[in-house]
Amino acid sequence: MLQLSIFLENAKGRLAEVISLLAECKVNLRALSLADTKDYGVLRIIVDNPEETAVKLRERKVVVSLTPVWVLKVPDRTGGLAEVLNQLVQQDVVVEYMYAFVEKENEQALVVLRVQDKAIMEKAMQTLNLPVK
C-alpha cells in the first residue's frame with residue numbers, strides 16, 4: 001500500500017488548509033498520523049487512490065511524497081499488537097514508525113508500518129502468514 005507524506009509548515013491554519021483541500025478533492029481519509037519538528041510537520045495519510053491524490057495535491061503546490069507501507073490486521077484485544085510485533089522481531093523486521101486505526105465494518109484494529117527493509121518484511125509476511133488489508 002502507498003501512504004502519502006505531506007510536508008507542512010508549522011503555521012496557524014496550515015493543517016486545516018490541507019485537510020480542507022483534501023475534502024474539496026473528494027478524498028476520504030482512511031488513516032492519518034501527524035508528527036512535528038520545530039519548523040515543519042509531516043502528515044501521513046492513507047487514502048483510497050494515493051497516486052491520484054498526490055497528483056491533485058502537487059497541482060495545488062503541496063509538497064507530497066508516496067511511501068510504501070504495510071497495513072496489517074491485528075487482533076483487537078489486549079496484547080494483540082504485542083504478539084504481531086514480537087513475531088516480526090523474530091523475523092528480523094525493523095519498524096521505523098507505525099500508527100493504528102480501527103475499521104468500522106469489521107471492528108478490527110489495523111496498523112500501518114514503515115519498515116527498514118522491504119525484502120525482509122516480504123519474507124516475514126510469507127513465513128508468518130499475517131493478514132493484510
# chains A, B, ... in the order shown; residues from 1 in each chain; ligands from 1
call {"tool": "residues_around", "arguments": {"residues": "Leu113 (chain A)", "least_positions_apart": "4", "cutoff": "6 Å", "atoms": "only C-alpha atoms", "output": "list of chain:residue names"}}
result
A:Val69, A:Trp70, A:Met98
call {"tool": "write_last_selection", "arguments": {"atoms": "C-alpha atoms", "output": "PDB file, in the first residue's frame"}}
result
ATOM      1  CA  VAL A  69       3.887   0.854   3.858  1.00  0.00           C
ATOM      2  CA  TRP A  70       2.282  -2.304   5.161  1.00  0.00           C
ATOM      3  CA  MET A  98       3.764   2.938  12.893  1.00  0.00           C
TER       4      MET A  98
END
call {"tool": "residues_around", "arguments": {"residues": "region 122-132 of chain A", "least_positions_apart": "6", "cutoff": "7 Å", "atoms": "only C-alpha atoms", "output": "ChimeraX atom specification"}}
result
/A:71-73,88,91
call {"tool": "write_last_selection", "arguments": {"atoms": "C-alpha atoms", "output": "compact mmCIF listing (two decimals), in the first residue's frame"}}
result
# COMPACT_ATOMS: atom_id res chain seq x y z
CA VAL A 71 -1.21 -2.35 6.65
CA LEU A 72 -1.65 -5.36 8.91
CA LYS A 73 -4.77 -6.68 10.57
CA LEU A 88 8.04 -9.56 13.28
CA GLN A 91 11.83 -12.41 11.56
call {"tool": "residues_around", "arguments": {"residues": "Gly41 (chain A)", "least_positions_apart": "4", "cutoff": "8 Å", "atoms": "only C-alpha atoms", "output": "list in words"}}
result
Phe7, Leu8, Glu9, Asn10, Leu34, Ala35, Asp36 and Thr37 of chain A
call {"tool": "closest_residue", "arguments": {"among": "A:Leu81, A:Val89, A:Val94, A:Leu15", "to": "Leu110 (chain A)", "atoms": "only C-alpha atoms"}}
result
A:Leu81
call {"tool": "closest_residue", "arguments": {"among": "A:Arg30, A:Arg44, A:Arg58, A:Lys118", "to": "Glu103 (chain A)", "atoms": "only C-alpha atoms"}}
result
A:Arg30
call {"tool": "closest_residue", "arguments": {"among": "A:Cys25, A:Ala31, A:Ala11, A:Ile120", "to": "Asp92 (chain A)", "atoms": "only C-alpha atoms"}}
result
A:Ile120
call {"tool": "residues_around", "arguments": {"residues": "Leu32 (chain A)", "least_positions_apart": "2", "cutoff": "12 Å", "atoms": "only C-alpha atoms", "output": "ChimeraX atom specification"}}
result
/A:3-6,19,28-30,34-35,42-47,98-102,111-112
call {"tool": "closest_residue", "arguments": {"among": "A:Lys38, A:Lys26, A:Arg114, A:Lys133", "to": "Thr67 (chain A)", "atoms": "only C-alpha atoms"}}
result
A:Arg114
call {"tool": "atom_distance", "arguments": {"atom1": "CA of Leu2 (chain A)", "atom2": "CA of Ala119 (chain A)"}}
result
16.2 Å
call {"tool": "atom_distance", "arguments": {"atom1": "CA of Lys61 (chain A)", "atom2": "CA of Glu96 (chain A)"}}
result
27.8 Å
call {"tool": "select_by_dssp", "arguments": {"residues": "region 11-93 of chain A", "states": "helix (DSSP H, G or I)", "output": "ChimeraX atom specification"}}
result
/A:14-24,50-59,80-90
call {"tool": "write_last_selection", "arguments": {"atoms": "N, CA, C and O atoms", "output": "short mmCIF file (atom, residue, chain, number, x, y, z; two decimals), in the first residue's frame"}}
result
data_model
loop_
_atom_site.label_atom_id
_atom_site.label_comp_id
_atom_site.auth_asym_id
_atom_site.auth_seq_id
_atom_site.Cartn_x
_atom_site.Cartn_y
_atom_site.Cartn_z
N ARG A 14 -2.42 25.88 8.74
CA ARG A 14 -1.89 25.11 7.60
C ARG A 14 -2.47 23.70 7.55
O ARG A 14 -2.81 23.20 6.48
N LEU A 15 -2.58 23.02 8.69
CA LEU A 15 -3.17 21.69 8.72
C LEU A 15 -4.62 21.74 8.24
O LEU A 15 -5.04 20.94 7.39
N ALA A 16 -5.39 22.68 8.76
CA ALA A 16 -6.80 22.82 8.35
C ALA A 16 -6.90 23.11 6.86
O ALA A 16 -7.79 22.59 6.18
N GLU A 17 -5.98 23.90 6.34
CA GLU A 17 -5.97 24.23 4.91
C GLU A 17 -5.78 22.97 4.05
O GLU A 17 -6.51 22.76 3.08
N VAL A 18 -4.83 22.13 4.43
CA VAL A 18 -4.55 20.92 3.65
C VAL A 18 -5.70 19.91 3.80
O VAL A 18 -6.11 19.29 2.81
N ILE A 19 -6.23 19.76 4.99
CA ILE A 19 -7.35 18.84 5.19
C ILE A 19 -8.57 19.33 4.40
O ILE A 19 -9.29 18.53 3.78
N SER A 20 -8.79 20.63 4.37
CA SER A 20 -9.90 21.19 3.58
C SER A 20 -9.66 20.97 2.09
O SER A 20 -10.61 20.67 1.35
N LEU A 21 -8.44 21.10 1.65
CA LEU A 21 -8.10 20.84 0.25
C LEU A 21 -8.39 19.38 -0.12
O LEU A 21 -8.96 19.10 -1.18
N LEU A 22 -8.06 18.47 0.77
CA LEU A 22 -8.37 17.05 0.53
C LEU A 22 -9.88 16.84 0.44
O LEU A 22 -10.36 16.10 -0.42
N ALA A 23 -10.63 17.53 1.27
CA ALA A 23 -12.09 17.42 1.23
C ALA A 23 -12.63 17.96 -0.09
O ALA A 23 -13.51 17.35 -0.71
N GLU A 24 -12.09 19.10 -0.54
CA GLU A 24 -12.51 19.67 -1.83
C GLU A 24 -12.23 18.71 -2.98
O GLU A 24 -12.99 18.66 -3.95
N PRO A 50 -4.07 6.76 -3.72
CA PRO A 50 -2.92 7.61 -3.35
C PRO A 50 -2.23 8.30 -4.52
O PRO A 50 -1.87 9.47 -4.41
N GLU A 51 -2.05 7.62 -5.64
CA GLU A 51 -1.35 8.25 -6.77
C GLU A 51 -2.15 9.43 -7.30
O GLU A 51 -1.60 10.51 -7.55
N GLU A 52 -3.45 9.24 -7.48
CA GLU A 52 -4.33 10.30 -7.98
C GLU A 52 -4.36 11.48 -7.00
O GLU A 52 -4.32 12.64 -7.41
N THR A 53 -4.42 11.17 -5.72
CA THR A 53 -4.45 12.21 -4.70
C THR A 53 -3.14 13.00 -4.71
O THR A 53 -3.15 14.24 -4.60
N ALA A 54 -2.01 12.32 -4.86
CA ALA A 54 -0.71 13.00 -4.91
C ALA A 54 -0.66 13.98 -6.08
O ALA A 54 -0.17 15.10 -5.94
N VAL A 55 -1.18 13.57 -7.23
CA VAL A 55 -1.19 14.45 -8.41
C VAL A 55 -2.02 15.70 -8.11
O VAL A 55 -1.59 16.83 -8.39
N LYS A 56 -3.20 15.51 -7.54
CA LYS A 56 -4.07 16.65 -7.22
C LYS A 56 -3.40 17.61 -6.25
O LYS A 56 -3.50 18.83 -6.40
N LEU A 57 -2.72 17.07 -5.25
CA LEU A 57 -2.05 17.92 -4.27
C LEU A 57 -0.87 18.67 -4.90
O LEU A 57 -0.67 19.86 -4.64
N ARG A 58 -0.10 17.98 -5.71
CA ARG A 58 1.05 18.63 -6.37
C ARG A 58 0.59 19.75 -7.29
O ARG A 58 1.26 20.78 -7.41
N GLU A 59 -0.55 19.56 -7.96
CA GLU A 59 -1.11 20.61 -8.82
C GLU A 59 -1.43 21.86 -8.01
O GLU A 59 -1.45 22.96 -8.55
N GLY A 80 -2.79 -8.02 21.45
CA GLY A 80 -2.80 -8.37 20.02
C GLY A 80 -1.65 -7.74 19.25
O GLY A 80 -0.97 -8.40 18.46
N LEU A 81 -1.41 -6.46 19.48
CA LEU A 81 -0.32 -5.77 18.79
C LEU A 81 1.04 -6.32 19.25
O LEU A 81 1.93 -6.54 18.42
N ALA A 82 1.18 -6.58 20.52
CA ALA A 82 2.45 -7.12 21.05
C ALA A 82 2.78 -8.45 20.39
O ALA A 82 3.94 -8.70 20.02
N GLU A 83 1.78 -9.30 20.20
CA GLU A 83 2.01 -10.60 19.57
C GLU A 83 2.53 -10.43 18.15
O GLU A 83 3.51 -11.08 17.74
N VAL A 84 1.91 -9.55 17.38
CA VAL A 84 2.32 -9.34 15.99
C VAL A 84 3.72 -8.74 15.94
O VAL A 84 4.57 -9.20 15.17
N LEU A 85 3.98 -7.74 16.75
CA LEU A 85 5.31 -7.12 16.74
C LEU A 85 6.39 -8.10 17.16
O LEU A 85 7.49 -8.12 16.57
N ASN A 86 6.13 -8.94 18.15
CA ASN A 86 7.13 -9.92 18.57
C ASN A 86 7.40 -10.94 17.47
O ASN A 86 8.54 -11.38 17.29
N GLN A 87 6.37 -11.32 16.72
CA GLN A 87 6.58 -12.22 15.58
C GLN A 87 7.46 -11.56 14.52
O GLN A 87 8.35 -12.21 13.95
N LEU A 88 7.23 -10.28 14.27
CA LEU A 88 8.04 -9.56 13.28
C LEU A 88 9.48 -9.43 13.74
O LEU A 88 10.41 -9.57 12.93
N VAL A 89 9.70 -9.18 15.02
CA VAL A 89 11.06 -9.08 15.56
C VAL A 89 11.80 -10.40 15.33
O VAL A 89 12.97 -10.41 14.94
N GLN A 90 11.13 -11.52 15.55
CA GLN A 90 11.76 -12.83 15.35
C GLN A 90 12.14 -13.05 13.89
O GLN A 90 13.01 -13.87 13.60
#
call {"tool": "atom_distance", "arguments": {"atom1": "CA of Ala109 (chain A)", "atom2": "CA of Thr78 (chain A)"}}
result
11.2 Å
call {"tool": "decode", "arguments": {"residues": "region 88-122 of chain A", "atoms": "N, CA and C atoms", "output": "mmCIF file, in the first residue's frame"}}
result
data_model
loop_
_atom_site.group_PDB
_atom_site.id
_atom_site.type_symbol
_atom_site.label_atom_id
_atom_site.label_comp_id
_atom_site.auth_asym_id
_atom_site.auth_seq_id
_atom_site.Cartn_x
_atom_site.Cartn_y
_atom_site.Cartn_z
ATOM 1 N N LEU A 88 7.228 -10.275 14.267
ATOM 2 C CA LEU A 88 8.037 -9.561 13.279
ATOM 3 C C LEU A 88 9.485 -9.431 13.736
ATOM 4 N N VAL A 89 9.695 -9.176 15.017
ATOM 5 C CA VAL A 89 11.060 -9.082 15.562
ATOM 6 C C VAL A 89 11.800 -10.398 15.334
ATOM 7 N N GLN A 90 11.130 -11.518 15.554
ATOM 8 C CA GLN A 90 11.760 -12.828 15.353
ATOM 9 C C GLN A 90 12.145 -13.055 13.891
ATOM 10 N N GLN A 91 11.514 -12.315 12.983
ATOM 11 C CA GLN A 91 11.827 -12.414 11.561
ATOM 12 C C GLN A 91 12.800 -11.310 11.111
ATOM 13 N N ASP A 92 13.396 -10.600 12.073
ATOM 14 C CA ASP A 92 14.366 -9.530 11.827
ATOM 15 C C ASP A 92 13.785 -8.284 11.172
ATOM 16 N N VAL A 93 12.488 -8.062 11.300
ATOM 17 C CA VAL A 93 11.863 -6.858 10.757
ATOM 18 C C VAL A 93 12.117 -5.695 11.716
ATOM 19 N N VAL A 94 12.592 -4.574 11.167
ATOM 20 C CA VAL A 94 12.805 -3.357 11.942
ATOM 21 C C VAL A 94 11.731 -2.351 11.526
ATOM 22 N N VAL A 95 10.895 -1.948 12.479
ATOM 23 C CA VAL A 95 9.830 -0.988 12.219
ATOM 24 C C VAL A 95 10.376 0.419 12.431
ATOM 25 N N GLU A 96 10.267 1.263 11.400
ATOM 26 C CA GLU A 96 10.730 2.646 11.510
ATOM 27 C C GLU A 96 9.697 3.529 12.197
ATOM 28 N N TYR A 97 8.444 3.352 11.842
ATOM 29 C CA TYR A 97 7.352 4.029 12.530
ATOM 30 C C TYR A 97 6.065 3.274 12.275
ATOM 31 N N MET A 98 5.049 3.605 13.051
ATOM 32 C CA MET A 98 3.764 2.938 12.893
ATOM 33 C C MET A 98 2.670 3.796 13.495
ATOM 34 N N TYR A 99 1.469 3.601 12.996
ATOM 35 C CA TYR A 99 0.287 4.202 13.598
ATOM 36 C C TYR A 99 -0.871 3.249 13.354
ATOM 37 N N ALA A 100 -1.942 3.418 14.097
ATOM 38 C CA ALA A 100 -3.040 2.451 14.047
ATOM 39 C C ALA A 100 -4.368 3.145 13.817
ATOM 40 N N PHE A 101 -5.325 2.369 13.348
ATOM 41 C CA PHE A 101 -6.701 2.833 13.213
ATOM 42 C C PHE A 101 -7.616 1.629 13.299
ATOM 43 N N VAL A 102 -8.910 1.873 13.486
ATOM 44 C CA VAL A 102 -9.890 0.795 13.594
ATOM 45 C C VAL A 102 -10.827 0.879 12.402
ATOM 46 N N GLU A 103 -11.103 -0.260 11.818
ATOM 47 C CA GLU A 103 -12.006 -0.326 10.673
ATOM 48 C C GLU A 103 -13.434 -0.468 11.192
ATOM 49 N N LYS A 104 -14.313 0.395 10.755
ATOM 50 C CA LYS A 104 -15.693 0.401 11.253
ATOM 51 C C LYS A 104 -16.424 -0.898 10.942
ATOM 52 N N GLU A 105 -16.324 -1.362 9.706
ATOM 53 C CA GLU A 105 -17.101 -2.521 9.275
ATOM 54 C C GLU A 105 -16.790 -3.781 10.067
ATOM 55 N N ASN A 106 -15.524 -4.067 10.225
ATOM 56 C CA ASN A 106 -15.105 -5.330 10.819
ATOM 57 C C ASN A 106 -14.663 -5.207 12.268
ATOM 58 N N GLU A 107 -14.627 -3.998 12.782
ATOM 59 C CA GLU A 107 -14.145 -3.744 14.130
ATOM 60 C C GLU A 107 -12.793 -4.407 14.379
ATOM 61 N N GLN A 108 -11.930 -4.280 13.378
ATOM 62 C CA GLN A 108 -10.578 -4.813 13.505
ATOM 63 C C GLN A 108 -9.607 -3.657 13.675
ATOM 64 N N ALA A 109 -8.577 -3.906 14.425
ATOM 65 C CA ALA A 109 -7.509 -2.927 14.521
ATOM 66 C C ALA A 109 -6.591 -3.122 13.318
ATOM 67 N N LEU A 110 -6.155 -2.026 12.749
ATOM 68 C CA LEU A 110 -5.226 -2.071 11.636
ATOM 69 C C LEU A 110 -4.033 -1.210 11.997
ATOM 70 N N VAL A 111 -2.843 -1.692 11.684
ATOM 71 C CA VAL A 111 -1.649 -0.897 11.941
ATOM 72 C C VAL A 111 -0.929 -0.653 10.623
ATOM 73 N N VAL A 112 -0.447 0.568 10.465
ATOM 74 C CA VAL A 112 0.344 0.956 9.309
ATOM 75 C C VAL A 112 1.795 0.917 9.752
ATOM 76 N N LEU A 113 2.618 0.162 9.027
ATOM 77 C CA LEU A 113 4.033 0.020 9.378
ATOM 78 C C LEU A 113 4.924 0.474 8.237
ATOM 79 N N ARG A 114 5.927 1.255 8.550
ATOM 80 C CA ARG A 114 7.003 1.567 7.623
ATOM 81 C C ARG A 114 8.188 0.775 8.144
ATOM 82 N N VAL A 115 8.757 -0.079 7.291
ATOM 83 C CA VAL A 115 9.853 -0.935 7.733
ATOM 84 C C VAL A 115 11.150 -0.536 7.049
ATOM 85 N N GLN A 116 12.235 -0.959 7.678
ATOM 86 C CA GLN A 116 13.557 -0.608 7.179
ATOM 87 C C GLN A 116 13.909 -1.368 5.903
ATOM 88 N N ASP A 117 13.529 -2.644 5.826
ATOM 89 C CA ASP A 117 13.917 -3.486 4.698
ATOM 90 C C ASP A 117 12.696 -4.203 4.125
ATOM 91 N N LYS A 118 12.302 -3.815 2.934
ATOM 92 C CA LYS A 118 11.105 -4.369 2.303
ATOM 93 C C LYS A 118 11.227 -5.875 2.072
ATOM 94 N N ALA A 119 12.389 -6.339 1.641
ATOM 95 C CA ALA A 119 12.581 -7.766 1.357
ATOM 96 C C ALA A 119 12.413 -8.612 2.619
ATOM 97 N N ILE A 120 12.950 -8.138 3.729
ATOM 98 C CA ILE A 120 12.809 -8.873 4.990
ATOM 99 C C ILE A 120 11.340 -8.922 5.392
ATOM 100 N N MET A 121 10.627 -7.810 5.209
ATOM 101 C CA MET A 121 9.208 -7.783 5.561
ATOM 102 C C MET A 121 8.414 -8.730 4.664
ATOM 103 N N GLU A 122 8.705 -8.760 3.375
ATOM 104 C CA GLU A 122 8.000 -9.668 2.462
ATOM 105 C C GLU A 122 8.211 -11.124 2.872
#
